[in-house]
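Peer 1: Let me give you the structure first, and then I'll get to my questions.
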Amino acid sequence: MGKKCLDYVNDLNDYIDGQIDSDLYQEIENHLKQCENCRIMVDTLKKTVSLCRENKELKLPSLLEKKLNDVVKKHWQKKFEE
Amino acid sequence: MNERELVKRAKAGDFNAFTTLVNDNKNRIYSLAIKMTGNAEDAEDIVQETFLRVIDNIDRFREESSFGTWLYSIALNQTRALLAKQKQTDLKPIEEYLPTQTAENLHEKSIPGFFEWKDPHKELEDEELKKIIDKTIDSLPLKYKEAFLLRYIEELPIKEVAKIINESVASTKSRVLRARLAIREQLSKVFEERYGKKMFRLR
């Protein structure tokens, strides 16, 4: 990575997430064509998020669900029904 | 019935409407809490406390943000309170995640942490990979972890994340990027250590 890489680092997320104006997008694209390390950086940053997303959905265990419902109901009654 | 209507009814004391709101959101809050704290017991407490605080404050909820955004803020406050005693380190400045090199080795290929990851699923058992990822996210300092999770796991727009964590958009963006760079670096180290560069190089 040369000096130019540092100039783009703050915009990497916006670039990867497609939330960047088209001039800067093109500029980064051009830079990536010449810079292997930045290409690796962009590619592995993308994979970082997709790997993290795989663990996304966790379900509240049913035992806890029941406990939560009971506690919530009690608290609700205390507030609205007393 | 949409969320706004459910909130309106819940405010008026309709328990069924409130139960629907709880059911629609409990898994999201539980997932976030588990990722924030790294353990199921704390996550259970956070979920419970969050909904109890919602009951206490629902009449004061002014609907300037969505119910979900409000819920995330409450859950994060609970999490912060729970983790307040933990020592929080800081992450490195953004530019330090780039490889340091002099002009002479500018085209050097093997810089630590800079190799292509092919498909980690091919190299690692899914369970092992899952553990590595959870541990890596868990090791982030709180303020980076919450920004990263809200932005990329809950998939909220950056402006909404900023609102929830009560920071400017610029500072939120910086936290999210530093978190992403830190996780990338950590994963890269683990992959390199365990499976050697060869397995993750394209060439």
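So you can find residues: chains in the structure tokens are A, B, ... in the order shown, residues in each start at 1, and ligands are numbered from 1 in order.
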So that each row is one residue of region 35-141 of chain B with an atom at most 9 Å from region 53-77 of chain A, can you give its shortest atom pair and the distance in Å to one decimal, using only C-alpha atoms, rows by chain and rising number, as JSON lines?
Peer 2:
```
{"residue": "B:Glu44", "atom": "CA", "partner": "A:Leu64", "partner_atom": "CA", "distance": 7.3}
{"residue": "B:Val47", "atom": "CA", "partner": "A:Leu68", "partner_atom": "CA", "distance": 8.1}
{"residue": "B:Gln48", "atom": "CA", "partner": "A:Leu68", "partner_atom": "CA", "distance": 6.1}
{"residue": "B:Phe51", "atom": "CA", "partner": "A:Val72", "partner_atom": "CA", "distance": 7.0}
{"residue": "B:Leu52", "atom": "CA", "partner": "A:Val72", "partner_atom": "CA", "distance": 6.4}
{"residue": "B:Ile55", "atom": "CA", "partner": "A:Trp76", "partner_atom": "CA", "distance": 6.5}
{"residue": "B:Asp56", "atom": "CA", "partner": "A:Trp76", "partner_atom": "CA", "distance": 8.6}
{"residue": "B:Lys130", "atom": "CA", "partner": "A:Asn55", "partner_atom": "CA", "distance": 6.9}
{"residue": "B:Ile133", "atom": "CA", "partner": "A:Asn55", "partner_atom": "CA", "distance": 8.3}
{"residue": "B:Asp134", "atom": "CA", "partner": "A:Asn55", "partner_atom": "CA", "distance": 8.0}
```
Peer 1: Can you pull out every residue within 9 Å of Ala75 (chain B), counting only C-alpha atoms, but drop anything in the same chain fewer than 4 positions away, and send it as a list in words?
Peer 2: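 Within the cut-off, the hits are Ile29, Leu32, Ala33, Ile46, Val47, Glu49, Thr50, Phe51, Trp70, Leu71, Thr79 and Arg80 of chain B.
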Peer 1: Once DSSP has gone over the backbone, tell me which residues of region 69-159 of chain B are in alpha helix (DSSP H), as a PDB file with N, CA and C atoms, in the first residue's frame.
Peer 2:
```
ATOM      1  N   THR B  69     -35.921   1.207  17.469  1.00  0.00           N
ATOM      2  CA  THR B  69     -34.772   2.051  17.824  1.00  0.00           C
ATOM      3  C   THR B  69     -34.761   2.344  19.317  1.00  0.00           C
ATOM      4  N   TRP B  70     -35.926   2.672  19.837  1.00  0.00           N
ATOM      5  CA  TRP B  70     -36.060   2.965  21.265  1.00  0.00           C
ATOM      6  C   TRP B  70     -35.677   1.741  22.105  1.00  0.00           C
ATOM      7  N   LEU B  71     -36.153   0.598  21.634  1.00  0.00           N
ATOM      8  CA  LEU B  71     -35.869  -0.661  22.322  1.00  0.00           C
ATOM      9  C   LEU B  71     -34.360  -0.960  22.354  1.00  0.00           C
ATOM     10  N   TYR B  72     -33.701  -0.766  21.222  1.00  0.00           N
ATOM     11  CA  TYR B  72     -32.254  -0.970  21.162  1.00  0.00           C
ATOM     12  C   TYR B  72     -31.537  -0.048  22.155  1.00  0.00           C
ATOM     13  N   SER B  73     -31.979   1.222  22.229  1.00  0.00           N
ATOM     14  CA  SER B  73     -31.312   2.146  23.164  1.00  0.00           C
ATOM     15  C   SER B  73     -31.453   1.659  24.598  1.00  0.00           C
ATOM     16  N   ILE B  74     -32.650   1.189  24.939  1.00  0.00           N
ATOM     17  CA  ILE B  74     -32.856   0.701  26.309  1.00  0.00           C
ATOM     18  C   ILE B  74     -31.990  -0.530  26.570  1.00  0.00           C
ATOM     19  N   ALA B  75     -31.983  -1.443  25.602  1.00  0.00           N
ATOM     20  CA  ALA B  75     -31.184  -2.669  25.761  1.00  0.00           C
ATOM     21  C   ALA B  75     -29.700  -2.328  25.896  1.00  0.00           C
ATOM     22  N   LEU B  76     -29.243  -1.359  25.127  1.00  0.00           N
ATOM     23  CA  LEU B  76     -27.831  -0.991  25.215  1.00  0.00           C
ATOM     24  C   LEU B  76     -27.507  -0.333  26.547  1.00  0.00           C
ATOM     25  N   ASN B  77     -28.434   0.459  27.064  1.00  0.00           N
ATOM     26  CA  ASN B  77     -28.211   1.038  28.388  1.00  0.00           C
ATOM     27  C   ASN B  77     -28.090  -0.045  29.449  1.00  0.00           C
ATOM     28  N   GLN B  78     -28.945  -1.055  29.336  1.00  0.00           N
ATOM     29  CA  GLN B  78     -28.865  -2.181  30.273  1.00  0.00           C
ATOM     30  C   GLN B  78     -27.511  -2.875  30.146  1.00  0.00           C
ATOM     31  N   THR B  79     -27.088  -3.065  28.897  1.00  0.00           N
ATOM     32  CA  THR B  79     -25.814  -3.752  28.649  1.00  0.00           C
ATOM     33  C   THR B  79     -24.648  -2.947  29.213  1.00  0.00           C
ATOM     34  N   ARG B  80     -24.673  -1.656  28.951  1.00  0.00           N
ATOM     35  CA  ARG B  80     -23.588  -0.794  29.449  1.00  0.00           C
ATOM     36  C   ARG B  80     -23.512  -0.830  30.969  1.00  0.00           C
ATOM     37  N   ALA B  81     -24.687  -0.805  31.606  1.00  0.00           N
ATOM     38  CA  ALA B  81     -24.713  -0.841  33.073  1.00  0.00           C
ATOM     39  C   ALA B  81     -24.101  -2.150  33.570  1.00  0.00           C
ATOM     40  N   LEU B  82     -24.473  -3.231  32.891  1.00  0.00           N
ATOM     41  CA  LEU B  82     -23.983  -4.549  33.302  1.00  0.00           C
ATOM     42  C   LEU B  82     -22.477  -4.685  33.100  1.00  0.00           C
ATOM     43  N   LEU B  83     -21.994  -4.081  32.030  1.00  0.00           N
ATOM     44  CA  LEU B  83     -20.574  -4.249  31.696  1.00  0.00           C
ATOM     45  C   LEU B  83     -19.717  -3.084  32.194  1.00  0.00           C
ATOM     46  N   PRO B 120     -13.221 -19.736   4.103  1.00  0.00           N
ATOM     47  CA  PRO B 120     -12.903 -20.274   5.438  1.00  0.00           C
ATOM     48  C   PRO B 120     -13.729 -21.513   5.789  1.00  0.00           C
ATOM     49  N   HIS B 121     -14.920 -21.628   5.191  1.00  0.00           N
ATOM     50  CA  HIS B 121     -15.755 -22.802   5.474  1.00  0.00           C
ATOM     51  C   HIS B 121     -15.103 -24.093   4.996  1.00  0.00           C
ATOM     52  N   LYS B 122     -14.275 -23.973   3.970  1.00  0.00           N
ATOM     53  CA  LYS B 122     -13.619 -25.169   3.449  1.00  0.00           C
ATOM     54  C   LYS B 122     -12.479 -25.592   4.359  1.00  0.00           C
ATOM     55  N   GLU B 123     -11.908 -24.617   5.052  1.00  0.00           N
ATOM     56  CA  GLU B 123     -10.718 -24.890   5.854  1.00  0.00           C
ATOM     57  C   GLU B 123     -11.053 -25.198   7.314  1.00  0.00           C
ATOM     58  N   ASP B 126     -17.511 -25.765  10.745  1.00  0.00           N
ATOM     59  CA  ASP B 126     -18.435 -24.651  10.981  1.00  0.00           C
ATOM     60  C   ASP B 126     -18.492 -24.234  12.453  1.00  0.00           C
ATOM     61  N   GLU B 127     -18.506 -25.250  13.333  1.00  0.00           N
ATOM     62  CA  GLU B 127     -18.581 -24.942  14.766  1.00  0.00           C
ATOM     63  C   GLU B 127     -17.362 -24.151  15.229  1.00  0.00           C
ATOM     64  N   GLU B 128     -16.207 -24.559  14.711  1.00  0.00           N
ATOM     65  CA  GLU B 128     -14.965 -23.901  15.094  1.00  0.00           C
ATOM     66  C   GLU B 128     -14.945 -22.464  14.569  1.00  0.00           C
ATOM     67  N   LEU B 129     -15.374 -22.326  13.337  1.00  0.00           N
ATOM     68  CA  LEU B 129     -15.424 -20.994  12.721  1.00  0.00           C
ATOM     69  C   LEU B 129     -16.370 -20.079  13.496  1.00  0.00           C
ATOM     70  N   LYS B 130     -17.505 -20.641  13.881  1.00  0.00           N
ATOM     71  CA  LYS B 130     -18.505 -19.879  14.637  1.00  0.00           C
ATOM     72  C   LYS B 130     -17.905 -19.388  15.955  1.00  0.00           C
ATOM     73  N   LYS B 131     -17.177 -20.294  16.621  1.00  0.00           N
ATOM     74  CA  LYS B 131     -16.551 -19.921  17.901  1.00  0.00           C
ATOM     75  C   LYS B 131     -15.528 -18.809  17.709  1.00  0.00           C
ATOM     76  N   ILE B 132     -14.735 -18.937  16.659  1.00  0.00           N
ATOM     77  CA  ILE B 132     -13.701 -17.925  16.385  1.00  0.00           C
ATOM     78  C   ILE B 132     -14.352 -16.559  16.161  1.00  0.00           C
ATOM     79  N   ILE B 133     -15.428 -16.547  15.375  1.00  0.00           N
ATOM     80  CA  ILE B 133     -16.094 -15.278  15.067  1.00  0.00           C
ATOM     81  C   ILE B 133     -16.721 -14.667  16.325  1.00  0.00           C
ATOM     82  N   ASP B 134     -17.426 -15.509  17.084  1.00  0.00           N
ATOM     83  CA  ASP B 134     -18.046 -15.003  18.325  1.00  0.00           C
ATOM     84  C   ASP B 134     -16.994 -14.418  19.262  1.00  0.00           C
ATOM     85  N   LYS B 135     -15.884 -15.139  19.397  1.00  0.00           N
ATOM     86  CA  LYS B 135     -14.826 -14.699  20.303  1.00  0.00           C
ATOM     87  C   LYS B 135     -14.217 -13.380  19.820  1.00  0.00           C
ATOM     88  N   THR B 136     -14.058 -13.284  18.522  1.00  0.00           N
ATOM     89  CA  THR B 136     -13.463 -12.063  17.957  1.00  0.00           C
ATOM     90  C   THR B 136     -14.368 -10.860  18.191  1.00  0.00           C
ATOM     91  N   ILE B 137     -15.662 -11.026  17.921  1.00  0.00           N
ATOM     92  CA  ILE B 137     -16.598  -9.914  18.146  1.00  0.00           C
ATOM     93  C   ILE B 137     -16.617  -9.573  19.634  1.00  0.00           C
ATOM     94  N   ASP B 138     -16.640 -10.626  20.441  1.00  0.00           N
ATOM     95  CA  ASP B 138     -16.732 -10.416  21.882  1.00  0.00           C
ATOM     96  C   ASP B 138     -15.530  -9.657  22.449  1.00  0.00           C
ATOM     97  N   LEU B 142     -16.546  -2.283  24.153  1.00  0.00           N
ATOM     98  CA  LEU B 142     -17.995  -2.079  24.071  1.00  0.00           C
ATOM     99  C   LEU B 142     -18.469  -1.067  23.026  1.00  0.00           C
ATOM    100  N   LYS B 143     -17.840   0.121  23.017  1.00  0.00           N
ATOM    101  CA  LYS B 143     -18.357   1.169  22.131  1.00  0.00           C
ATOM    102  C   LYS B 143     -18.186   0.835  20.654  1.00  0.00           C
ATOM    103  N   TYR B 144     -17.214   0.000  20.341  1.00  0.00           N
ATOM    104  CA  TYR B 144     -17.034  -0.425  18.949  1.00  0.00           C
ATOM    105  C   TYR B 144     -17.965  -1.593  18.630  1.00  0.00           C
ATOM    106  N   LYS B 145     -18.075  -2.481  19.614  1.00  0.00           N
ATOM    107  CA  LYS B 145     -18.916  -3.665  19.419  1.00  0.00           C
ATOM    108  C   LYS B 145     -20.366  -3.261  19.146  1.00  0.00           C
ATOM    109  N   GLU B 146     -20.891  -2.328  19.955  1.00  0.00           N
ATOM    110  CA  GLU B 146     -22.303  -1.954  19.774  1.00  0.00           C
ATOM    111  C   GLU B 146     -22.517  -1.302  18.413  1.00  0.00           C
ATOM    112  N   ALA B 147     -21.576  -0.449  18.000  1.00  0.00           N
ATOM    113  CA  ALA B 147     -21.724   0.215  16.703  1.00  0.00           C
ATOM    114  C   ALA B 147     -21.675  -0.801  15.566  1.00  0.00           C
ATOM    115  N   PHE B 148     -20.743  -1.736  15.653  1.00  0.00           N
ATOM    116  CA  PHE B 148     -20.600  -2.754  14.607  1.00  0.00           C
ATOM    117  C   PHE B 148     -21.837  -3.653  14.522  1.00  0.00           C
ATOM    118  N   ILE B 158     -26.654   3.925   9.116  1.00  0.00           N
ATOM    119  CA  ILE B 158     -25.671   4.548  10.010  1.00  0.00           C
ATOM    120  C   ILE B 158     -26.295   5.660  10.860  1.00  0.00           C
ATOM    121  N   LYS B 159     -27.239   6.409  10.271  1.00  0.00           N
ATOM    122  CA  LYS B 159     -27.882   7.495  11.020  1.00  0.00           C
ATOM    123  C   LYS B 159     -28.659   6.971  12.220  1.00  0.00           C
TER     124      LYS B 159
END
```
Peer 1: Could you jot down the CA of Arg53 (chain B) to CA of Asp14 (chain B) separation for me, Å, one decimal place?
Peer 2: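 Pair CA of Arg53 (chain B) / CA of Asp14 (chain B) returns 16.7 Å.
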Peer 1: Would you write out, as a tab-separated table, a table of all residues in chain B that have an atom no more than 6 Å from an atom of chain A, listing for each the closest atom pair and the distance in Å to one decimal, considering only C-alpha atoms and ordering rows by chain and rising residue number?
Peer 2:
```
residue	atom	partner	partner_atom	distance
B:Asn27	CA	A:Lys59	CA	5.2
B:Ser31	CA	A:Leu58	CA	5.1
B:Glu116	CA	A:Ile40	CA	5.7
B:Ile153	CA	A:Arg53	CA	5.7
B:Arg184	CA	A:Thr48	CA	5.6
```
Peer 1: Please write the residues from the selection above to a file, keeping N, CA and C atoms, as a CSV table (one decimal), in the first residue's frame.
Peer 2:
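So the final result, stored in result.csv, reads:
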```
chain,number,residue,atom,x,y,z
B,27,ASN,N,-36.4,-11.9,20.3
B,27,ASN,CA,-35.2,-12.6,19.7
B,27,ASN,C,-34.1,-11.7,19.2
B,31,SER,N,-30.5,-11.8,20.8
B,31,SER,CA,-29.3,-12.0,19.9
B,31,SER,C,-28.3,-10.9,20.1
B,116,GLU,N,-5.3,-13.3,0.7
B,116,GLU,CA,-6.7,-13.5,0.4
B,116,GLU,C,-7.3,-14.7,1.2
B,153,ILE,N,-24.9,-6.3,11.9
B,153,ILE,CA,-25.7,-7.5,12.2
B,153,ILE,C,-27.2,-7.2,12.2
B,184,ARG,N,-11.4,-7.9,11.2
B,184,ARG,CA,-10.7,-8.5,10.0
B,184,ARG,C,-9.3,-8.9,10.4
```
Peer 1: Using Å and a single decimal, report how far CA of Ala17 (chain B) sits from CA of Phe61 (chain B).
Peer 2: 15.5 Å
Peer 1: Which of these residues is nearest to Tyr97 (chain B), using only C-alpha atoms: B:Lys35, B:Arg60, B:Arg175, B:Arg180?
Peer 2: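 Answer, going by the shortest atom-to-atom distance: B:Arg180.
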Peer 1: From the options B:Tyr30, B:Glu125, B:Ile58, B:Gly38, which residue's atoms come nearest to Ala10 (chain B), counting only C-alpha atoms?
Peer 2: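 Closest residue, counting only C-alpha atoms: B:Ile58.
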Peer 1: So the first atom is CA of Thr37 (chain B) and the second is CA of Thr20 (chain B); what is the distance between them in Å, to one decimal place?
Peer 2: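 Separating CA of Thr37 (chain B) from CA of Thr20 (chain B) is a distance of 25.9 Å.
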